[in-house]
Amino acid sequence: MTTLQLPAGVQVNAPILPGFETILTKEALELVAKLHREFEPRRQELLAARAERAKRLDAGERPDFLPETKHIREGDWTIAPLPKALECRRVEITGPVEAKMVINAYNSGADSYMTDFEDSNSPVWANLIQGQINLYKAIRRTLTLGQAGKTYKLNDKIATLQVRPRGWHLDEKHVLIDGQRVQGGLFDFALFMFHNAKEQLARGAGPYFYLPKLESHLEARLWNDVFVMTQNELGLPQGTIKATVLIETLLAAFEMDEILYELREHSAGLNAGRWDYIFSCIKKFRCDLDFCLADRVKVTMKAPFMRAYALLLLKTCHHRNAPAIGGMSALIPIKNDPEKNAIAMEGIVKDKRSDAMDGYDGGWVAHPGLVDVAMKEFVDVLGDRPNQLDRKKPYVHVTAAQLIDFKPEAPITEAGLRMNINVGIYYLGSWLAGNGCVPIYNLMEDAATAEISRSQVWQWIRSPKGVLQDGRKITAEMVRKMVAEELQGIKDAGYEGTTIDRAAEIFEQMSTQDEFAEFLTLPLYEEI
């Protein structure tokens, strides 16, 4: 086993497989340690502020636009100009950092590829460090893969790379700084920056990021300060780093102007992260007995609260000359069923056409086979323009009440309940086995969609409105019975993984226990 040269105060408690030493260099880990020592106290303060806000919401407080930042919302400012490489983002493909996905996404024909250390990646140590190696090689055009008699390599024309590090709530348990776990996102970010920022610039791009799970502009300010310090440490001009923020929490939707303002020298806009956003709404209103959403499949971008959020994001971004990127459709191609595939493709077309017509500058897909379908819808609207930043929305006025107009409340069906249970078990089994992005029943599932599944079940049990269409009240006993039945069904269908029984235990516990777990992946992470 390879050994590492470590800076003072840094411990790595994980296997160092061949090649890992090229990423975990002393100099790179020194940057990780500097960022940790500078910013960990503030991160802990912000996580404590999240917990305090959650208590107030549980007690009945309702989110609203901040009075103390009204001057920012009403101010006449814009973000810094975009680099050429980020002007055109009509279709962005996303996926984990494993080699085949990296090559296929780069080659997909998408304008941009968001490579993911977060929701679609199971944070197994080998996944994280091999992912850094894969990106290092891909940036330098040396990444290849031989698999099942095929050779995968990069085309001459590739997508622009953007990297999603882990959210503020996630640690990296294998790396300790002065005895403390390092924050997962800082670890991902610092390693990528140290090894690749200057190389990306030399190749006509730059160090571009997606920032997940922010709940406030103060959390955006923390990232901005990380960017400033890192650029100073690496000798890069300020503003070199660009970052798009995923608006995927309810509270962030009330601070979109403020988030753009905090990152204005480093901003590349906002993205409507729809699946995590739905999960966040359920989580923030978990104790409101009057709150109840319908089957997951019924909660679409046409739902009142989702429509308000999508329009506010679009208006806010374009007012500040910032890109507005639409969210992910979970649909994927269905190879063995032409009829179902045609329905799925029509769903993609409608989703992307709607975003393009509204004025969004681009949207997400999860599969290379969807790039052309999505691209056509944006090109039909944009023509040869790279974006629609000129389409302002001064007539859009979204109120706090509209952002929390949580409909539809019905139907809740037995099929919908069983689907949540089945998908939750299936996904957790795959996650525990090291795969964070899983096609299940012709939809691409990641941690966000699994979070909706388990949080809906938890909430339906507790809400007086958690009643099936046939009149039966959803109870913990009903859910336990269905968990056993769905687990058996998954096994009967040929699931061979060894983690599925544990996945069912976890799903049952998390959806029936009294306390609501903030994130599914926090307790799960201790098991991998």
# chains A, B, ... in the order shown; residues from 1 in each chain; ligands from 1
call {"tool": "residues_around", "arguments": {"residues": "Phe65 of chain A", "least_positions_apart": "5", "cutoff": "8 Å", "atoms": "only C-alpha atoms", "output": "count of residues only"}}
result
3
call {"tool": "residues_around", "arguments": {"residues": "Thr94 of chain A", "least_positions_apart": "2", "cutoff": "12 Å", "atoms": "only C-alpha atoms", "output": "PDB file with N, CA and C atoms, in the first residue's frame"}}
result
ATOM      1  N   VAL A  91     -28.014  23.032 -22.848  1.00  0.00           N
ATOM      2  CA  VAL A  91     -28.230  21.705 -22.247  1.00  0.00           C
ATOM      3  C   VAL A  91     -27.016  21.365 -21.393  1.00  0.00           C
ATOM      4  N   GLU A  92     -27.294  21.029 -20.139  1.00  0.00           N
ATOM      5  CA  GLU A  92     -26.248  20.563 -19.236  1.00  0.00           C
ATOM      6  C   GLU A  92     -26.560  19.131 -18.842  1.00  0.00           C
ATOM      7  N   PRO A  96     -22.351  11.244 -11.919  1.00  0.00           N
ATOM      8  CA  PRO A  96     -21.252  11.018 -10.979  1.00  0.00           C
ATOM      9  C   PRO A  96     -19.886  11.008 -11.671  1.00  0.00           C
ATOM     10  N   VAL A  97     -18.843  10.908 -10.844  1.00  0.00           N
ATOM     11  CA  VAL A  97     -17.468  11.108 -11.324  1.00  0.00           C
ATOM     12  C   VAL A  97     -16.782   9.801 -11.738  1.00  0.00           C
ATOM     13  N   GLU A  98     -17.562   8.760 -12.034  1.00  0.00           N
ATOM     14  CA  GLU A  98     -16.908   7.522 -12.489  1.00  0.00           C
ATOM     15  C   GLU A  98     -16.533   7.644 -13.966  1.00  0.00           C
ATOM     16  N   MET A 101     -18.998   7.517 -17.088  1.00  0.00           N
ATOM     17  CA  MET A 101     -19.901   8.669 -17.106  1.00  0.00           C
ATOM     18  C   MET A 101     -19.158   9.933 -17.516  1.00  0.00           C
ATOM     19  N   VAL A 102     -17.954  10.124 -16.980  1.00  0.00           N
ATOM     20  CA  VAL A 102     -17.164  11.317 -17.309  1.00  0.00           C
ATOM     21  C   VAL A 102     -16.942  11.396 -18.817  1.00  0.00           C
ATOM     22  N   ILE A 103     -16.505  10.286 -19.423  1.00  0.00           N
ATOM     23  CA  ILE A 103     -16.216  10.277 -20.868  1.00  0.00           C
ATOM     24  C   ILE A 103     -17.497  10.487 -21.668  1.00  0.00           C
ATOM     25  N   ASN A 104     -18.540   9.731 -21.334  1.00  0.00           N
ATOM     26  CA  ASN A 104     -19.795   9.836 -22.097  1.00  0.00           C
ATOM     27  C   ASN A 104     -20.434  11.211 -21.957  1.00  0.00           C
ATOM     28  N   ALA A 105     -20.346  11.807 -20.785  1.00  0.00           N
ATOM     29  CA  ALA A 105     -20.938  13.138 -20.575  1.00  0.00           C
ATOM     30  C   ALA A 105     -20.145  14.206 -21.332  1.00  0.00           C
ATOM     31  N   TYR A 106     -18.838  14.144 -21.243  1.00  0.00           N
ATOM     32  CA  TYR A 106     -17.993  15.072 -22.003  1.00  0.00           C
ATOM     33  C   TYR A 106     -18.301  14.982 -23.509  1.00  0.00           C
ATOM     34  N   SER A 108     -21.111  13.987 -24.955  1.00  0.00           N
ATOM     35  CA  SER A 108     -22.547  13.841 -25.205  1.00  0.00           C
ATOM     36  C   SER A 108     -23.132  14.848 -26.189  1.00  0.00           C
ATOM     37  N   ALA A 110     -23.681  17.892 -25.120  1.00  0.00           N
ATOM     38  CA  ALA A 110     -24.195  18.935 -24.227  1.00  0.00           C
ATOM     39  C   ALA A 110     -23.224  20.116 -24.213  1.00  0.00           C
ATOM     40  N   ASP A 111     -23.743  21.300 -23.909  1.00  0.00           N
ATOM     41  CA  ASP A 111     -22.867  22.468 -23.785  1.00  0.00           C
ATOM     42  C   ASP A 111     -21.986  22.363 -22.550  1.00  0.00           C
ATOM     43  N   SER A 112     -22.536  21.747 -21.508  1.00  0.00           N
ATOM     44  CA  SER A 112     -21.857  21.743 -20.221  1.00  0.00           C
ATOM     45  C   SER A 112     -22.081  20.392 -19.534  1.00  0.00           C
ATOM     46  N   TYR A 113     -21.108  19.979 -18.745  1.00  0.00           N
ATOM     47  CA  TYR A 113     -21.211  18.742 -17.968  1.00  0.00           C
ATOM     48  C   TYR A 113     -20.968  19.069 -16.502  1.00  0.00           C
ATOM     49  N   MET A 114     -21.981  18.880 -15.661  1.00  0.00           N
ATOM     50  CA  MET A 114     -21.807  19.037 -14.223  1.00  0.00           C
ATOM     51  C   MET A 114     -21.434  17.690 -13.632  1.00  0.00           C
ATOM     52  N   THR A 115     -20.181  17.549 -13.269  1.00  0.00           N
ATOM     53  CA  THR A 115     -19.709  16.302 -12.661  1.00  0.00           C
ATOM     54  C   THR A 115     -19.939  16.382 -11.162  1.00  0.00           C
ATOM     55  N   ASP A 116     -20.356  15.285 -10.570  1.00  0.00           N
ATOM     56  CA  ASP A 116     -21.027  15.366  -9.275  1.00  0.00           C
ATOM     57  C   ASP A 116     -20.346  14.542  -8.179  1.00  0.00           C
ATOM     58  N   PHE A 117     -19.858  15.242  -7.148  1.00  0.00           N
ATOM     59  CA  PHE A 117     -19.386  14.576  -5.933  1.00  0.00           C
ATOM     60  C   PHE A 117     -20.499  14.511  -4.884  1.00  0.00           C
ATOM     61  N   GLU A 118     -21.707  14.947  -5.239  1.00  0.00           N
ATOM     62  CA  GLU A 118     -22.760  15.059  -4.237  1.00  0.00           C
ATOM     63  C   GLU A 118     -23.902  14.074  -4.464  1.00  0.00           C
ATOM     64  N   ASP A 119     -25.096  14.538  -4.854  1.00  0.00           N
ATOM     65  CA  ASP A 119     -26.301  13.704  -4.796  1.00  0.00           C
ATOM     66  C   ASP A 119     -26.272  12.448  -5.665  1.00  0.00           C
ATOM     67  N   SER A 120     -25.559  12.462  -6.776  1.00  0.00           N
ATOM     68  CA  SER A 120     -25.559  11.256  -7.618  1.00  0.00           C
ATOM     69  C   SER A 120     -24.307  10.415  -7.408  1.00  0.00           C
ATOM     70  N   ASN A 121     -23.557  10.721  -6.354  1.00  0.00           N
ATOM     71  CA  ASN A 121     -22.335   9.978  -6.050  1.00  0.00           C
ATOM     72  C   ASN A 121     -22.415   9.419  -4.634  1.00  0.00           C
ATOM     73  N   ALA A 159     -17.830  18.921 -23.719  1.00  0.00           N
ATOM     74  CA  ALA A 159     -18.628  19.878 -22.950  1.00  0.00           C
ATOM     75  C   ALA A 159     -17.740  20.674 -21.985  1.00  0.00           C
ATOM     76  N   THR A 160     -18.216  21.834 -21.572  1.00  0.00           N
ATOM     77  CA  THR A 160     -17.543  22.632 -20.541  1.00  0.00           C
ATOM     78  C   THR A 160     -17.794  21.992 -19.178  1.00  0.00           C
ATOM     79  N   LEU A 161     -16.738  21.818 -18.401  1.00  0.00           N
ATOM     80  CA  LEU A 161     -16.837  21.124 -17.116  1.00  0.00           C
ATOM     81  C   LEU A 161     -17.237  22.074 -15.989  1.00  0.00           C
ATOM     82  N   GLN A 162     -18.207  21.609 -15.176  1.00  0.00           N
ATOM     83  CA  GLN A 162     -18.541  22.254 -13.905  1.00  0.00           C
ATOM     84  C   GLN A 162     -18.578  21.169 -12.838  1.00  0.00           C
ATOM     85  N   VAL A 163     -18.133  21.491 -11.640  1.00  0.00           N
ATOM     86  CA  VAL A 163     -17.962  20.492 -10.584  1.00  0.00           C
ATOM     87  C   VAL A 163     -18.888  20.807  -9.420  1.00  0.00           C
ATOM     88  N   ARG A 164     -19.629  19.787  -8.956  1.00  0.00           N
ATOM     89  CA  ARG A 164     -20.460  19.981  -7.762  1.00  0.00           C
ATOM     90  C   ARG A 164     -19.803  19.303  -6.564  1.00  0.00           C
ATOM     91  N   TYR A 210     -20.769  24.108  -9.165  1.00  0.00           N
ATOM     92  CA  TYR A 210     -22.173  24.158  -8.761  1.00  0.00           C
ATOM     93  C   TYR A 210     -22.197  24.018  -7.240  1.00  0.00           C
ATOM     94  N   GLY A 327     -34.197  22.826 -14.170  1.00  0.00           N
ATOM     95  CA  GLY A 327     -33.823  21.642 -13.419  1.00  0.00           C
ATOM     96  C   GLY A 327     -33.843  20.361 -14.229  1.00  0.00           C
ATOM     97  N   MET A 328     -33.741  19.268 -13.499  1.00  0.00           N
ATOM     98  CA  MET A 328     -33.597  17.931 -14.064  1.00  0.00           C
ATOM     99  C   MET A 328     -34.950  17.270 -14.297  1.00  0.00           C
ATOM    100  N   SER A 329     -35.140  16.752 -15.492  1.00  0.00           N
ATOM    101  CA  SER A 329     -36.216  15.784 -15.691  1.00  0.00           C
ATOM    102  C   SER A 329     -35.635  14.411 -15.396  1.00  0.00           C
ATOM    103  N   ALA A 330     -36.312  13.635 -14.567  1.00  0.00           N
ATOM    104  CA  ALA A 330     -35.783  12.326 -14.169  1.00  0.00           C
ATOM    105  C   ALA A 330     -35.992  11.250 -15.235  1.00  0.00           C
ATOM    106  N   GLY A 363     -31.236  23.784 -19.517  1.00  0.00           N
ATOM    107  CA  GLY A 363     -31.846  22.817 -18.602  1.00  0.00           C
ATOM    108  C   GLY A 363     -30.974  21.591 -18.489  1.00  0.00           C
ATOM    109  N   TRP A 364     -31.312  20.733 -17.545  1.00  0.00           N
ATOM    110  CA  TRP A 364     -30.515  19.548 -17.215  1.00  0.00           C
ATOM    111  C   TRP A 364     -31.104  18.275 -17.814  1.00  0.00           C
ATOM    112  N   VAL A 365     -30.228  17.346 -18.175  1.00  0.00           N
ATOM    113  CA  VAL A 365     -30.609  15.962 -18.471  1.00  0.00           C
ATOM    114  C   VAL A 365     -29.625  15.043 -17.753  1.00  0.00           C
ATOM    115  N   ALA A 366     -30.044  13.790 -17.565  1.00  0.00           N
ATOM    116  CA  ALA A 366     -29.214  12.835 -16.820  1.00  0.00           C
ATOM    117  C   ALA A 366     -28.634  11.739 -17.710  1.00  0.00           C
ATOM    118  N   HIS A 367     -28.935  11.770 -19.007  1.00  0.00           N
ATOM    119  CA  HIS A 367     -28.529  10.671 -19.879  1.00  0.00           C
ATOM    120  C   HIS A 367     -28.098  11.238 -21.235  1.00  0.00           C
ATOM    121  N   PRO A 368     -26.970  10.752 -21.783  1.00  0.00           N
ATOM    122  CA  PRO A 368     -26.513  11.259 -23.085  1.00  0.00           C
ATOM    123  C   PRO A 368     -27.552  11.134 -24.193  1.00  0.00           C
ATOM    124  N   LEU A 370     -30.505  11.898 -24.159  1.00  0.00           N
ATOM    125  CA  LEU A 370     -31.520  12.955 -24.088  1.00  0.00           C
ATOM    126  C   LEU A 370     -30.994  14.321 -24.525  1.00  0.00           C
ATOM    127  N   VAL A 371     -29.698  14.403 -24.786  1.00  0.00           N
ATOM    128  CA  VAL A 371     -29.109  15.713 -25.099  1.00  0.00           C
ATOM    129  C   VAL A 371     -29.724  16.319 -26.359  1.00  0.00           C
ATOM    130  N   CYS A 437     -26.293   6.865  -8.294  1.00  0.00           N
ATOM    131  CA  CYS A 437     -27.141   7.323  -9.396  1.00  0.00           C
ATOM    132  C   CYS A 437     -27.702   6.078 -10.081  1.00  0.00           C
ATOM    133  N   MET A 444     -34.321   8.216 -13.489  1.00  0.00           N
ATOM    134  CA  MET A 444     -33.002   8.287 -12.879  1.00  0.00           C
ATOM    135  C   MET A 444     -33.154   8.819 -11.463  1.00  0.00           C
ATOM    136  N   ASP A 446     -31.632   9.741  -7.654  1.00  0.00           N
ATOM    137  CA  ASP A 446     -30.436  10.039  -6.883  1.00  0.00           C
ATOM    138  C   ASP A 446     -30.870  10.353  -5.457  1.00  0.00           C
TER     139      ASP A 446
END
call {"tool": "residues_around", "arguments": {"residues": "segment 15-32 of chain A", "least_positions_apart": "2", "cutoff": "6 Å", "atoms": "only C-alpha atoms", "output": "JSON, numbers by chain"}}
result
{"A": [2, 5, 6, 7, 34, 35, 187, 190, 191, 194]}
call {"tool": "select_by_dssp", "arguments": {"residues": "segment 217-293 of chain A", "states": "strand (DSSP E or B)", "output": "JSON, numbers by chain"}}
result
{"A": [242, 243, 244, 245, 246, 247, 267, 268, 269, 270, 271, 272]}
call {"tool": "residues_around", "arguments": {"residues": "segment 42-46 of chain A", "least_positions_apart": "6", "cutoff": "10 Å", "atoms": "only C-alpha atoms", "output": "VMD selection string"}}
result
chain A and resid 36 52 168 to 169 183 215 to 216 218 to 219 222 to 223
call {"tool": "residues_around", "arguments": {"residues": "Asp361 of chain A", "least_positions_apart": "4", "cutoff": "12 Å", "atoms": "only C-alpha atoms", "output": "mmCIF file with N, CA and C atoms, in the first residue's frame"}}
result
data_model
loop_
_atom_site.group_PDB
_atom_site.id
_atom_site.type_symbol
_atom_site.label_atom_id
_atom_site.label_comp_id
_atom_site.auth_asym_id
_atom_site.auth_seq_id
_atom_site.Cartn_x
_atom_site.Cartn_y
_atom_site.Cartn_z
ATOM 1 N N LEU A 86 -18.930 30.004 -20.368
ATOM 2 C CA LEU A 86 -20.193 29.822 -19.646
ATOM 3 C C LEU A 86 -21.341 30.643 -20.234
ATOM 4 N N GLU A 87 -21.142 31.197 -21.417
ATOM 5 C CA GLU A 87 -22.208 31.980 -22.025
ATOM 6 C C GLU A 87 -23.317 31.110 -22.611
ATOM 7 N N CYS A 88 -22.961 29.933 -23.086
ATOM 8 C CA CYS A 88 -23.927 29.046 -23.750
ATOM 9 C C CYS A 88 -24.062 27.754 -22.959
ATOM 10 N N ARG A 89 -25.230 27.578 -22.309
ATOM 11 C CA ARG A 89 -25.460 26.401 -21.458
ATOM 12 C C ARG A 89 -26.867 25.857 -21.707
ATOM 13 N N ARG A 90 -27.229 25.723 -22.975
ATOM 14 C CA ARG A 90 -28.603 25.343 -23.306
ATOM 15 C C ARG A 90 -28.951 23.958 -22.761
ATOM 16 N N VAL A 91 -28.014 23.032 -22.848
ATOM 17 C CA VAL A 91 -28.230 21.705 -22.247
ATOM 18 C C VAL A 91 -27.016 21.365 -21.393
ATOM 19 N N GLU A 92 -27.294 21.029 -20.139
ATOM 20 C CA GLU A 92 -26.248 20.563 -19.236
ATOM 21 C C GLU A 92 -26.560 19.131 -18.842
ATOM 22 N N ASP A 111 -23.743 21.300 -23.909
ATOM 23 C CA ASP A 111 -22.867 22.468 -23.785
ATOM 24 C C ASP A 111 -21.986 22.363 -22.550
ATOM 25 N N ALA A 268 -22.184 32.450 -11.579
ATOM 26 C CA ALA A 268 -22.577 31.994 -12.920
ATOM 27 C C ALA A 268 -24.077 31.718 -12.952
ATOM 28 N N GLY A 269 -24.834 32.312 -12.006
ATOM 29 C CA GLY A 269 -26.279 32.197 -12.027
ATOM 30 C C GLY A 269 -26.843 31.226 -11.016
ATOM 31 N N LEU A 270 -28.106 30.866 -11.258
ATOM 32 C CA LEU A 270 -28.849 29.969 -10.365
ATOM 33 C C LEU A 270 -29.468 28.838 -11.178
ATOM 34 N N ASN A 271 -29.711 27.732 -10.501
ATOM 35 C CA ASN A 271 -30.354 26.572 -11.115
ATOM 36 C C ASN A 271 -31.567 26.182 -10.278
ATOM 37 N N ALA A 272 -32.652 25.816 -10.943
ATOM 38 C CA ALA A 272 -33.881 25.383 -10.257
ATOM 39 C C ALA A 272 -33.791 23.887 -9.949
ATOM 40 N N LEU A 313 -37.167 32.643 -9.781
ATOM 41 C CA LEU A 313 -35.758 32.390 -10.094
ATOM 42 C C LEU A 313 -35.380 33.014 -11.434
ATOM 43 N N LEU A 314 -36.242 32.813 -12.405
ATOM 44 C CA LEU A 314 -35.994 33.347 -13.750
ATOM 45 C C LEU A 314 -35.932 34.878 -13.734
ATOM 46 N N LYS A 315 -36.902 35.493 -13.098
ATOM 47 C CA LYS A 315 -36.927 36.956 -13.027
ATOM 48 C C LYS A 315 -35.685 37.487 -12.310
ATOM 49 N N CYS A 317 -32.694 36.113 -11.772
ATOM 50 C CA CYS A 317 -31.446 35.918 -12.514
ATOM 51 C C CYS A 317 -31.296 36.933 -13.643
ATOM 52 N N HIS A 318 -32.290 37.036 -14.482
ATOM 53 C CA HIS A 318 -32.149 37.897 -15.657
ATOM 54 C C HIS A 318 -32.097 39.377 -15.284
ATOM 55 N N ASN A 321 -28.474 39.941 -14.811
ATOM 56 C CA ASN A 321 -27.638 39.449 -15.921
ATOM 57 C C ASN A 321 -26.989 38.104 -15.602
ATOM 58 N N ALA A 322 -27.702 37.282 -14.863
ATOM 59 C CA ALA A 322 -27.194 35.974 -14.450
ATOM 60 C C ALA A 322 -27.964 34.869 -15.170
ATOM 61 N N PRO A 323 -27.289 33.799 -15.585
ATOM 62 C CA PRO A 323 -27.987 32.682 -16.217
ATOM 63 C C PRO A 323 -29.003 32.037 -15.275
ATOM 64 N N ALA A 324 -30.121 31.631 -15.846
ATOM 65 C CA ALA A 324 -31.148 30.855 -15.135
ATOM 66 C C ALA A 324 -31.212 29.485 -15.802
ATOM 67 N N ILE A 325 -30.839 28.455 -15.073
ATOM 68 C CA ILE A 325 -30.773 27.109 -15.628
ATOM 69 C C ILE A 325 -31.904 26.264 -15.039
ATOM 70 N N GLY A 326 -32.669 25.624 -15.914
ATOM 71 C CA GLY A 326 -33.782 24.788 -15.470
ATOM 72 C C GLY A 326 -33.298 23.481 -14.864
ATOM 73 N N GLY A 327 -34.197 22.826 -14.170
ATOM 74 C CA GLY A 327 -33.823 21.642 -13.419
ATOM 75 C C GLY A 327 -33.843 20.361 -14.229
ATOM 76 N N LYS A 352 -38.579 20.589 -21.350
ATOM 77 C CA LYS A 352 -37.562 21.528 -21.844
ATOM 78 C C LYS A 352 -38.194 22.646 -22.678
ATOM 79 N N ARG A 353 -39.247 22.325 -23.411
ATOM 80 C CA ARG A 353 -39.943 23.369 -24.166
ATOM 81 C C ARG A 353 -40.528 24.411 -23.219
ATOM 82 N N SER A 354 -41.106 23.952 -22.125
ATOM 83 C CA SER A 354 -41.689 24.865 -21.145
ATOM 84 C C SER A 354 -40.625 25.789 -20.572
ATOM 85 N N ASP A 355 -39.467 25.224 -20.178
ATOM 86 C CA ASP A 355 -38.378 26.039 -19.637
ATOM 87 C C ASP A 355 -37.886 27.059 -20.667
ATOM 88 N N ALA A 356 -37.685 26.596 -21.900
ATOM 89 C CA ALA A 356 -37.178 27.487 -22.947
ATOM 90 C C ALA A 356 -38.170 28.615 -23.240
ATOM 91 N N MET A 357 -39.452 28.262 -23.310
ATOM 92 C CA MET A 357 -40.478 29.274 -23.596
ATOM 93 C C MET A 357 -40.587 30.288 -22.451
ATOM 94 N N MET A 375 -31.818 19.666 -26.527
ATOM 95 C CA MET A 375 -31.172 20.754 -27.267
ATOM 96 C C MET A 375 -32.118 21.345 -28.313
ATOM 97 N N GLU A 377 -35.282 21.688 -28.264
ATOM 98 C CA GLU A 377 -36.285 22.584 -27.688
ATOM 99 C C GLU A 377 -35.699 23.962 -27.374
ATOM 100 N N PHE A 378 -34.463 23.988 -26.893
ATOM 101 C CA PHE A 378 -33.845 25.281 -26.604
ATOM 102 C C PHE A 378 -33.438 26.006 -27.883
ATOM 103 N N VAL A 379 -32.920 25.269 -28.866
ATOM 104 C CA VAL A 379 -32.521 25.895 -30.129
ATOM 105 C C VAL A 379 -33.741 26.460 -30.858
ATOM 106 N N VAL A 381 -36.223 27.860 -29.623
ATOM 107 C CA VAL A 381 -36.588 29.134 -28.999
ATOM 108 C C VAL A 381 -35.446 30.157 -29.108
ATOM 109 N N LEU A 382 -34.211 29.723 -28.874
ATOM 110 C CA LEU A 382 -33.087 30.649 -28.840
ATOM 111 C C LEU A 382 -32.490 30.937 -30.209
ATOM 112 N N GLY A 383 -32.699 30.016 -31.169
ATOM 113 C CA GLY A 383 -32.018 30.167 -32.450
ATOM 114 C C GLY A 383 -30.518 30.039 -32.247
ATOM 115 N N ARG A 385 -28.729 32.267 -30.639
ATOM 116 C CA ARG A 385 -28.311 33.029 -29.447
ATOM 117 C C ARG A 385 -27.801 32.067 -28.386
ATOM 118 N N PRO A 386 -26.744 32.423 -27.645
ATOM 119 C CA PRO A 386 -26.233 31.500 -26.625
ATOM 120 C C PRO A 386 -27.124 31.407 -25.397
ATOM 121 N N ASN A 387 -27.918 32.454 -25.135
ATOM 122 C CA ASN A 387 -28.760 32.464 -23.934
ATOM 123 C C ASN A 387 -29.907 33.450 -24.139
ATOM 124 N N GLN A 388 -30.719 33.601 -23.082
ATOM 125 C CA GLN A 388 -31.873 34.521 -23.151
ATOM 126 C C GLN A 388 -31.805 35.572 -22.052
ATOM 127 N N LEU A 389 -30.596 35.994 -21.713
ATOM 128 C CA LEU A 389 -30.442 36.957 -20.626
ATOM 129 C C LEU A 389 -31.178 38.263 -20.894
ATOM 130 N N ASP A 390 -31.449 38.536 -22.176
ATOM 131 C CA ASP A 390 -32.151 39.772 -22.525
ATOM 132 C C ASP A 390 -33.650 39.692 -22.233
ATOM 133 N N ARG A 391 -34.149 38.495 -21.950
ATOM 134 C CA ARG A 391 -35.584 38.354 -21.663
ATOM 135 C C ARG A 391 -35.829 38.604 -20.187
ATOM 136 N N LYS A 392 -36.136 39.837 -19.856
ATOM 137 C CA LYS A 392 -36.408 40.210 -18.460
ATOM 138 C C LYS A 392 -37.871 39.899 -18.134
#
call {"tool": "closest_residue", "arguments": {"among": "A:Gly239, A:Gly167, A:Gly494, A:Gly204", "to": "Leu47 of chain A", "atoms": "only C-alpha atoms"}}
result
A:Gly167
call {"tool": "select_by_dssp", "arguments": {"residues": "segment 357-506 of chain A", "states": "helix (DSSP H, G or I)", "output": "PyMOL selection string"}}
result
chain A and resi 357-358+368-382+400-403+414-432+447-462+476-492+500-506
call {"tool": "closest_residue", "arguments": {"among": "A:Cys287, A:Ile282, A:Ala310, A:Ile421", "to": "Leu487 of chain A", "atoms": "only C-alpha atoms"}}
result
A:Ile421
call {"tool": "atom_distance", "arguments": {"atom1": "atom CA of Gly429 of chain A", "atom2": "atom CA of Ala503 of chain A"}}
result
5.0 Å
call {"tool": "closest_residue", "arguments": {"among": "A:Ile474, A:Leu211, A:Ala54, A:Leu468", "to": "Ser280 of chain A", "atoms": "only C-alpha atoms"}}
result
A:Ala54
call {"tool": "closest_residue", "arguments": {"among": "A:Glu505, A:Glu262, A:Asn422, A:Val467", "to": "Gly489 of chain A", "atoms": "only C-alpha atoms"}}
result
A:Asn422
call {"tool": "atom_distance", "arguments": {"atom1": "atom CA of Val297 of chain A", "atom2": "atom CA of Asn420 of chain A"}}
result
10.2 Å
call {"tool": "residues_around", "arguments": {"residues": "Ile452 of chain A", "least_positions_apart": "5", "cutoff": "8 Å", "atoms": "only C-alpha atoms", "output": "mmCIF file with N, CA and C atoms, in the first residue's frame"}}
result
data_model
loop_
_atom_site.group_PDB
_atom_site.id
_atom_site.type_symbol
_atom_site.label_atom_id
_atom_site.label_comp_id
_atom_site.auth_asym_id
_atom_site.auth_seq_id
_atom_site.Cartn_x
_atom_site.Cartn_y
_atom_site.Cartn_z
ATOM 1 N N TRP A 275 -36.009 18.650 -7.480
ATOM 2 C CA TRP A 275 -36.292 17.485 -6.621
ATOM 3 C C TRP A 275 -35.907 17.771 -5.179
ATOM 4 N N ASP A 276 -34.705 18.307 -4.965
ATOM 5 C CA ASP A 276 -34.324 18.671 -3.601
ATOM 6 C C ASP A 276 -35.221 19.781 -3.061
ATOM 7 N N ILE A 278 -38.460 20.167 -3.598
ATOM 8 C CA ILE A 278 -39.683 19.526 -3.077
ATOM 9 C C ILE A 278 -39.386 18.882 -1.723
ATOM 10 N N PHE A 279 -38.258 18.179 -1.624
ATOM 11 C CA PHE A 279 -37.855 17.568 -0.349
ATOM 12 C C PHE A 279 -37.724 18.634 0.736
ATOM 13 N N ILE A 282 -41.085 19.739 2.111
ATOM 14 C CA ILE A 282 -41.645 18.741 3.031
ATOM 15 C C ILE A 282 -40.928 18.837 4.379
ATOM 16 N N ARG A 296 -45.872 11.720 -5.381
ATOM 17 C CA ARG A 296 -44.713 12.409 -5.958
ATOM 18 C C ARG A 296 -44.900 12.729 -7.443
#
call {"tool": "atom_distance", "arguments": {"atom1": "atom CA of Tyr427 of chain A", "atom2": "atom CA of Ile129 of chain A"}}
result
22.5 Å
